[in-house]
$ cat final.cif   # mmCIF, C-alpha atoms and all ligand atoms
data_target
#
loop_
_atom_site.group_PDB
_atom_site.id
_atom_site.type_symbol
_atom_site.label_atom_id
_atom_site.label_comp_id
_atom_site.auth_asym_id
_atom_site.auth_seq_id
_atom_site.Cartn_x
_atom_site.Cartn_y
_atom_site.Cartn_z
ATOM 1 C CA MET A 1 -24.411 4.246 -17.564
ATOM 2 C CA PRO A 2 -22.343 1.752 -15.572
ATOM 3 C CA VAL A 3 -18.576 1.716 -16.027
ATOM 4 C CA ARG A 4 -17.718 -1.197 -18.346
ATOM 5 C CA VAL A 5 -14.843 -3.123 -16.769
ATOM 6 C CA THR A 6 -12.914 -6.109 -18.144
ATOM 7 C CA VAL A 7 -10.971 -8.022 -15.489
ATOM 8 C CA TRP A 8 -8.014 -9.805 -17.116
ATOM 9 C CA ASN A 9 -6.129 -12.556 -15.312
ATOM 10 C CA GLU A 10 -3.514 -14.932 -16.662
ATOM 11 C CA PHE A 11 -5.439 -17.635 -14.678
ATOM 12 C CA VAL A 12 -2.506 -20.037 -14.320
ATOM 13 C CA HIS A 13 -1.725 -20.365 -10.593
ATOM 14 C CA GLU A 14 -5.346 -21.230 -9.784
ATOM 15 C CA LYS A 15 -5.184 -24.278 -12.086
ATOM 16 C CA LYS A 16 -1.804 -25.530 -10.829
ATOM 17 C CA ASN A 17 -1.617 -24.702 -7.118
ATOM 18 C CA PRO A 18 -4.382 -26.153 -4.881
ATOM 19 C CA ALA A 19 -3.611 -23.556 -2.186
ATOM 20 C CA VAL A 20 -4.442 -20.764 -4.658
ATOM 21 C CA ALA A 21 -7.521 -22.598 -5.963
ATOM 22 C CA GLU A 22 -8.816 -22.865 -2.412
ATOM 23 C CA ILE A 23 -8.723 -19.080 -1.996
ATOM 24 C CA TYR A 24 -9.885 -18.290 -5.548
ATOM 25 C CA PRO A 25 -11.865 -21.347 -6.746
ATOM 26 C CA GLU A 26 -13.123 -19.554 -9.868
ATOM 27 C CA GLY A 27 -9.949 -17.522 -10.347
ATOM 28 C CA ILE A 28 -8.760 -14.152 -9.063
ATOM 29 C CA HIS A 29 -10.604 -12.470 -11.946
ATOM 30 C CA GLU A 30 -13.997 -13.845 -10.853
ATOM 31 C CA THR A 31 -13.486 -12.721 -7.243
ATOM 32 C CA ILE A 32 -12.653 -9.202 -8.412
ATOM 33 C CA ALA A 33 -15.429 -9.059 -11.019
ATOM 34 C CA GLN A 34 -18.086 -10.344 -8.636
ATOM 35 C CA ALA A 35 -17.127 -7.742 -6.024
ATOM 36 C CA LEU A 36 -17.301 -4.995 -8.662
ATOM 37 C CA ASN A 37 -20.702 -6.171 -9.887
ATOM 38 C CA ARG A 38 -22.043 -6.206 -6.318
ATOM 39 C CA ALA A 39 -20.833 -2.631 -5.846
ATOM 40 C CA GLY A 40 -23.295 -1.167 -8.339
ATOM 41 C CA ASN A 41 -22.807 1.166 -11.287
ATOM 42 C CA ILE A 42 -20.087 -1.123 -12.645
ATOM 43 C CA ALA A 43 -20.606 -3.860 -15.236
ATOM 44 C CA ALA A 44 -17.614 -6.199 -14.968
ATOM 45 C CA ARG A 45 -16.748 -9.188 -17.111
ATOM 46 C CA CYS A 46 -13.654 -11.378 -17.334
ATOM 47 C CA ALA A 47 -10.980 -12.339 -19.853
ATOM 48 C CA TRP A 48 -7.929 -14.571 -19.504
ATOM 49 C CA LEU A 49 -4.776 -15.716 -21.222
ATOM 50 C CA ASP A 50 -5.951 -18.997 -22.769
ATOM 51 C CA GLN A 51 -8.886 -17.467 -24.600
ATOM 52 C CA PRO A 52 -8.476 -16.604 -28.312
ATOM 53 C CA GLU A 53 -6.552 -13.312 -28.489
ATOM 54 C CA HIS A 54 -6.306 -13.619 -24.668
ATOM 55 C CA GLY A 55 -9.951 -12.541 -24.542
ATOM 56 C CA LEU A 56 -8.919 -9.022 -25.590
ATOM 57 C CA THR A 57 -10.373 -8.735 -29.084
ATOM 58 C CA ASP A 58 -10.970 -5.365 -30.728
ATOM 59 C CA GLU A 59 -14.657 -5.821 -29.940
ATOM 60 C CA VAL A 60 -14.059 -6.480 -26.228
ATOM 61 C CA LEU A 61 -11.654 -3.547 -25.878
ATOM 62 C CA ALA A 62 -14.003 -1.213 -27.771
ATOM 63 C CA ASP A 63 -16.613 -2.125 -25.154
ATOM 64 C CA THR A 64 -14.245 -1.614 -22.190
ATOM 65 C CA ASP A 65 -13.908 1.620 -20.205
ATOM 66 C CA VAL A 66 -11.397 0.194 -17.731
ATOM 67 C CA LEU A 67 -9.157 -2.872 -18.007
ATOM 68 C CA ILE A 68 -7.890 -4.544 -14.823
ATOM 69 C CA TRP A 69 -4.694 -6.618 -15.181
ATOM 70 C CA TRP A 70 -3.370 -9.436 -12.957
ATOM 71 C CA GLY A 71 -0.431 -11.494 -14.250
ATOM 72 C CA HIS A 72 2.667 -13.112 -12.802
ATOM 73 C CA THR A 73 4.067 -16.362 -14.126
ATOM 74 C CA ALA A 74 2.998 -16.038 -17.769
ATOM 75 C CA HIS A 75 3.890 -12.467 -18.752
ATOM 76 C CA HIS A 76 6.018 -13.884 -21.605
ATOM 77 C CA ARG A 77 3.030 -15.737 -23.047
ATOM 78 C CA VAL A 78 1.095 -12.513 -23.696
ATOM 79 C CA GLU A 79 1.394 -11.852 -27.429
ATOM 80 C CA ASP A 80 3.064 -8.590 -28.408
ATOM 81 C CA ARG A 81 0.296 -7.757 -30.900
ATOM 82 C CA ILE A 82 -2.257 -7.878 -28.065
ATOM 83 C CA VAL A 83 -0.009 -5.674 -25.919
ATOM 84 C CA GLU A 84 0.134 -3.172 -28.814
ATOM 85 C CA ARG A 85 -3.644 -3.256 -29.073
ATOM 86 C CA VAL A 86 -4.149 -2.625 -25.343
ATOM 87 C CA HIS A 87 -1.505 0.115 -25.390
ATOM 88 C CA GLY A 88 -3.279 1.870 -28.245
ATOM 89 C CA ARG A 89 -6.575 1.717 -26.396
ATOM 90 C CA VAL A 90 -5.000 3.224 -23.249
ATOM 91 C CA LEU A 91 -3.548 6.100 -25.283
ATOM 92 C CA ALA A 92 -7.019 6.607 -26.772
ATOM 93 C CA GLY A 93 -8.599 6.923 -23.329
ATOM 94 C CA MET A 94 -9.276 3.472 -21.843
ATOM 95 C CA GLY A 95 -8.346 3.305 -18.159
ATOM 96 C CA ILE A 96 -6.095 0.514 -16.868
ATOM 97 C CA ILE A 97 -5.590 -0.767 -13.321
ATOM 98 C CA VAL A 98 -2.470 -2.899 -12.906
ATOM 99 C CA LEU A 99 -2.397 -5.113 -9.821
ATOM 100 C CA HIS A 100 0.508 -6.523 -7.804
ATOM 101 C CA SER A 101 2.838 -8.677 -9.960
ATOM 102 C CA GLY A 102 1.465 -6.950 -13.036
ATOM 103 C CA HIS A 103 4.384 -4.569 -12.391
ATOM 104 C CA HIS A 104 6.322 -6.865 -14.752
ATOM 105 C CA ALA A 105 3.547 -7.273 -17.315
ATOM 106 C CA LYS A 106 4.524 -6.302 -20.856
ATOM 107 C CA ILE A 107 1.764 -3.703 -20.988
ATOM 108 C CA PHE A 108 2.838 -2.017 -17.726
ATOM 109 C CA LYS A 109 6.513 -1.909 -18.695
ATOM 110 C CA LYS A 110 5.579 -0.463 -22.085
ATOM 111 C CA LEU A 111 3.431 2.207 -20.449
ATOM 112 C CA MET A 112 6.150 3.064 -17.901
ATOM 113 C CA GLY A 113 9.231 2.769 -20.126
ATOM 114 C CA THR A 114 11.380 1.512 -17.227
ATOM 115 C CA SER A 115 12.350 -1.905 -15.798
ATOM 116 C CA CYS A 116 9.631 -1.778 -13.099
ATOM 117 C CA ASN A 117 11.943 -3.898 -10.907
ATOM 118 C CA LEU A 118 11.475 -3.980 -7.133
ATOM 119 C CA LYS A 119 12.521 -5.945 -4.032
ATOM 120 C CA TRP A 120 10.308 -8.875 -2.989
ATOM 121 C CA ARG A 121 10.005 -11.551 -0.307
ATOM 122 C CA GLU A 122 7.419 -14.261 0.300
ATOM 123 C CA ALA A 123 7.475 -14.587 4.096
ATOM 124 C CA ASP A 124 3.983 -13.738 5.396
ATOM 125 C CA ASP A 125 4.865 -10.110 6.120
ATOM 126 C CA ARG A 126 2.147 -7.977 7.687
ATOM 127 C CA GLU A 127 1.406 -5.032 5.389
ATOM 128 C CA ILE A 128 0.099 -1.675 6.594
ATOM 129 C CA LEU A 129 -1.136 0.594 3.789
ATOM 130 C CA TRP A 130 -1.082 4.285 4.735
ATOM 131 C CA ILE A 131 -2.993 6.967 2.846
ATOM 132 C CA THR A 132 -0.809 9.799 1.561
ATOM 133 C CA LYS A 133 -3.464 11.662 -0.454
ATOM 134 C CA PRO A 134 -6.597 12.202 1.670
ATOM 135 C CA ASN A 135 -9.730 13.023 -0.294
ATOM 136 C CA HIS A 136 -8.449 11.293 -3.422
ATOM 137 C CA PRO A 137 -11.438 9.682 -5.198
ATOM 138 C CA ILE A 138 -9.701 6.282 -5.296
ATOM 139 C CA LEU A 139 -9.548 6.375 -1.474
ATOM 140 C CA ALA A 140 -13.195 7.266 -0.811
ATOM 141 C CA GLY A 141 -14.448 5.301 2.192
ATOM 142 C CA ILE A 142 -10.962 4.229 3.318
ATOM 143 C CA ASP A 143 -9.623 5.105 6.788
ATOM 144 C CA ASP A 144 -6.159 6.675 7.176
ATOM 145 C CA HIS A 145 -4.682 3.160 6.999
ATOM 146 C CA PHE A 146 -5.642 -0.482 6.758
ATOM 147 C CA VAL A 147 -3.827 -3.728 7.471
ATOM 148 C CA LEU A 148 -3.401 -6.915 5.474
ATOM 149 C CA PRO A 149 -2.302 -9.569 8.016
ATOM 150 C CA SER A 150 -0.208 -11.549 5.515
ATOM 151 C CA GLU A 151 1.173 -10.481 2.161
ATOM 152 C CA GLU A 152 4.206 -10.772 -0.051
ATOM 153 C CA MET A 153 6.645 -7.924 0.625
ATOM 154 C CA TYR A 154 7.447 -5.464 -2.147
ATOM 155 C CA GLY A 155 10.165 -2.942 -1.282
ATOM 156 C CA GLU A 156 11.818 0.134 -2.735
ATOM 157 C CA TYR A 157 13.462 0.888 -4.938
ATOM 158 C CA PHE A 158 10.560 0.457 -7.393
ATOM 159 C CA ASP A 159 11.905 1.449 -10.807
ATOM 160 C CA VAL A 160 8.987 3.396 -12.251
ATOM 161 C CA PRO A 161 8.810 6.991 -13.492
ATOM 162 C CA GLU A 162 7.791 9.623 -10.952
ATOM 163 C CA PRO A 163 4.002 9.209 -10.750
ATOM 164 C CA LEU A 164 1.346 11.862 -11.119
ATOM 165 C CA GLU A 165 0.257 11.015 -7.571
ATOM 166 C CA THR A 166 1.398 8.673 -4.805
ATOM 167 C CA ILE A 167 -1.772 7.929 -2.867
ATOM 168 C CA LEU A 168 -0.690 4.969 -0.689
ATOM 169 C CA ILE A 169 2.534 3.755 0.851
ATOM 170 C CA SER A 170 3.045 0.358 2.492
ATOM 171 C CA ASN A 171 5.114 -0.694 5.473
ATOM 172 C CA PHE A 172 6.042 -4.339 6.018
ATOM 173 C CA THR A 173 7.060 -6.438 9.026
ATOM 174 C CA GLY A 174 10.620 -6.503 7.733
ATOM 175 C CA GLY A 175 10.799 -2.686 7.803
ATOM 176 C CA GLU A 176 10.669 -2.120 4.056
ATOM 177 C CA VAL A 177 8.434 0.540 2.530
ATOM 178 C CA PHE A 178 6.831 0.686 -0.920
ATOM 179 C CA ARG A 179 4.803 3.137 -2.991
ATOM 180 C CA SER A 180 1.634 1.032 -3.222
ATOM 181 C CA GLY A 181 -0.845 3.293 -4.996
ATOM 182 C CA LEU A 182 0.402 5.260 -7.999
ATOM 183 C CA THR A 183 -1.444 7.197 -10.678
ATOM 184 C CA TYR A 184 -0.268 8.100 -14.172
ATOM 185 C CA THR A 185 -1.689 9.308 -17.436
ATOM 186 C CA ARG A 186 -0.488 8.187 -20.860
ATOM 187 C CA GLY A 187 -2.150 9.872 -23.835
ATOM 188 C CA ALA A 188 -5.805 10.214 -22.865
ATOM 189 C CA GLY A 189 -5.726 7.151 -20.597
ATOM 190 C CA ARG A 190 -5.567 7.002 -16.830
ATOM 191 C CA ILE A 191 -3.407 4.370 -15.107
ATOM 192 C CA PHE A 192 -3.553 3.146 -11.511
ATOM 193 C CA TYR A 193 -0.946 0.764 -10.100
ATOM 194 C CA PHE A 194 -2.097 -0.980 -6.894
ATOM 195 C CA ARG A 195 0.403 -3.192 -5.071
ATOM 196 C CA PRO A 196 -1.366 -5.868 -2.954
ATOM 197 C CA GLY A 197 -2.649 -9.150 -4.325
ATOM 198 C CA HIS A 198 -0.238 -12.076 -4.066
ATOM 199 C CA GLU A 199 -2.067 -15.214 -5.197
ATOM 200 C CA THR A 200 -1.554 -17.277 -2.032
ATOM 201 C CA TYR A 201 -3.289 -14.724 0.214
ATOM 202 C CA PRO A 202 -7.015 -13.792 0.334
ATOM 203 C CA THR A 203 -6.235 -10.137 -0.460
ATOM 204 C CA PHE A 204 -8.935 -9.726 -3.120
ATOM 205 C CA HIS A 205 -11.565 -10.780 -0.575
ATOM 206 C CA ASP A 206 -10.561 -7.828 1.653
ATOM 207 C CA ALA A 207 -13.215 -5.106 1.822
ATOM 208 C CA ASN A 208 -10.718 -2.213 1.679
ATOM 209 C CA VAL A 209 -8.937 -3.708 -1.330
ATOM 210 C CA GLN A 210 -12.252 -4.268 -3.092
ATOM 211 C CA ARG A 211 -13.358 -0.703 -2.336
ATOM 212 C CA ILE A 212 -10.133 0.783 -3.713
ATOM 213 C CA ILE A 213 -10.405 -1.223 -6.946
ATOM 214 C CA GLN A 214 -14.055 -0.196 -7.253
ATOM 215 C CA ASN A 215 -13.196 3.483 -6.717
ATOM 216 C CA ALA A 216 -10.311 3.209 -9.177
ATOM 217 C CA CYS A 217 -12.649 1.919 -11.889
ATOM 218 C CA HIS A 218 -14.725 5.106 -11.582
ATOM 219 C CA TRP A 219 -11.582 7.293 -11.462
ATOM 220 C CA ALA A 220 -9.968 5.666 -14.502
ATOM 221 C CA ALA A 221 -13.044 5.539 -16.728
ATOM 222 C CA PRO A 222 -12.988 7.933 -19.689
ATOM 223 C CA VAL A 223 -15.156 11.021 -19.233
ATOM 224 C CA ALA A 224 -18.541 10.483 -20.880
ATOM 225 C CA GLY A 225 -18.821 12.259 -24.194
ATOM 226 C CA GLY A 226 -15.110 12.940 -24.340
ATOM 227 C CA THR A 227 -13.444 12.786 -27.723
ATOM 228 C CA VAL A 228 -9.966 11.491 -28.272
ATOM 229 C CA PRO A 229 -7.779 12.755 -31.139
ATOM 230 C CA VAL A 230 -7.016 10.057 -33.684
ATOM 231 C CA GLY A 231 -4.085 10.058 -36.099
ATOM 232 C CA CYS A 232 -1.898 12.982 -37.067
ATOM 233 C CA PRO A 233 -4.069 15.316 -39.195
ATOM 234 C CA ASN A 234 -2.609 17.823 -41.668
ATOM 235 C CA PRO A 235 -5.196 20.605 -42.103
ATOM 236 C CA LYS A 236 -4.587 22.589 -45.288
ATOM 237 C CA LYS A 237 -5.794 25.857 -43.792
ATOM 238 C CA GLY A 238 -6.474 27.294 -40.359
ATOM 239 C CA TRP A 239 -9.703 27.100 -38.461
ATOM 240 C CA VAL A 240 -10.706 30.720 -39.228
HETATM 241 ZN ZN ZN L 1 3.152 -12.017 -5.755
#
$ encode --input "final.cif" --output "structure tokens" --more "lines below"
Ligand code: ZN
Amino acid sequence: MPVRVTVWNEFVHEKKNPAVAEIYPEGIHETIAQALNRAGNIAARCAWLDQPEHGLTDEVLADTDVLIWWGHTAHHRVEDRIVERVHGRVLAGMGIIVLHSGHHAKIFKKLMGTSCNLKWREADDREILWITKPNHPILAGIDDHFVLPSEEMYGEYFDVPEPLETILISNFTGGEVFRSGLTYTRGAGRIFYFRPGHETYPTFHDANVQRIIQNACHWAAPVAGGTVPVGCPNPKKGWV
């Protein structure tokens, strides 16, 4: 069975900024989803902010193993009731991959419980991403490092809880460093935060970036046949 992925994008910059539309004519979500569908064993579809319920209905989420999230300028427009719904699904076992400026998305901050603030600079920094966890399934097929010629800089301190694993760190032209690949669990759900992906750069066309997102979908997907506890049962007698 392929991993069922929903790629969510606020889909705002692409409609307002011609420079972004040139790189992502159909939206960042379509570029990511098409790469995932080409990869095999993943069935990806898209959802975005302006759809009813932001495209994240109960039916869509019930049919989603892994949700990918890209947002930046419209975090405040995401309705709290939809955030609650996504949060509940993550606790029940749905995987979530939060990309780049999604560090300030309501859903990510709720999952982390911290400000998720960081340093940033838009100045065409060169980014080198170094692997710090060889053999991690999310890094399958990736060399010990790869380079993105131009990206927005994100720098420490990144105000997130200590992760389960730090699998990538970035170094930028300006000398800053950043923890760029972080894993967490919340309830039964697996979370991967992946740093690159500023909208004015062709980052989601990069083969290494696509491979990492593809690998992360397989890593974050709930285990087939797994059962997730629901509610807070009060058994009247013991099991034996
Ligand atoms: Zn950005």
$ residues_near_ligand --input "final.cif" --ligand "ligand ZN 1 (chain L)" --cutoff "9 Å" --atoms "all atoms listed in the file" --output "number ranges by chain"
A: 72, 100-101, 120-122, 151-154, 196-200
$ resolve_selection --input "final.cif" --expression "the PyMOL selection byres (((chain A and resi 160) around 10) and not hetatm)" --output "MDAnalysis selection string"
chainID A and resid 103 108:109 111:118 157:159 161:163 182
$ closest_residue --input "final.cif" --among "A:Thr57, A:Pro134, A:Asp50, A:Ser170" --to "A:Arg77" --atoms "all atoms listed in the file"
A:Asp50
$ resolve_selection --input "final.cif" --expression "the PyMOL selection byres (((chain A and resi 70) around 8) and not hetatm)" --output "list in words"
Trp8, Asn9, Glu10, His29, Ile68, Trp69, Gly71, His72, Val98, Leu99, His100, Ser101 and Gly102 of chain A
$ closest_residue --input "final.cif" --among "A:Ile212, A:Ala47, A:Ala188, A:Ile97" --to "A:Asp143" --atoms "only C-alpha atoms"
A:Ile212
$ closest_residue --input "final.cif" --among "A:Val90, A:Leu56, A:Ile42, A:Val177" --to "A:Val3" --atoms "only C-alpha atoms"
A:Ile42
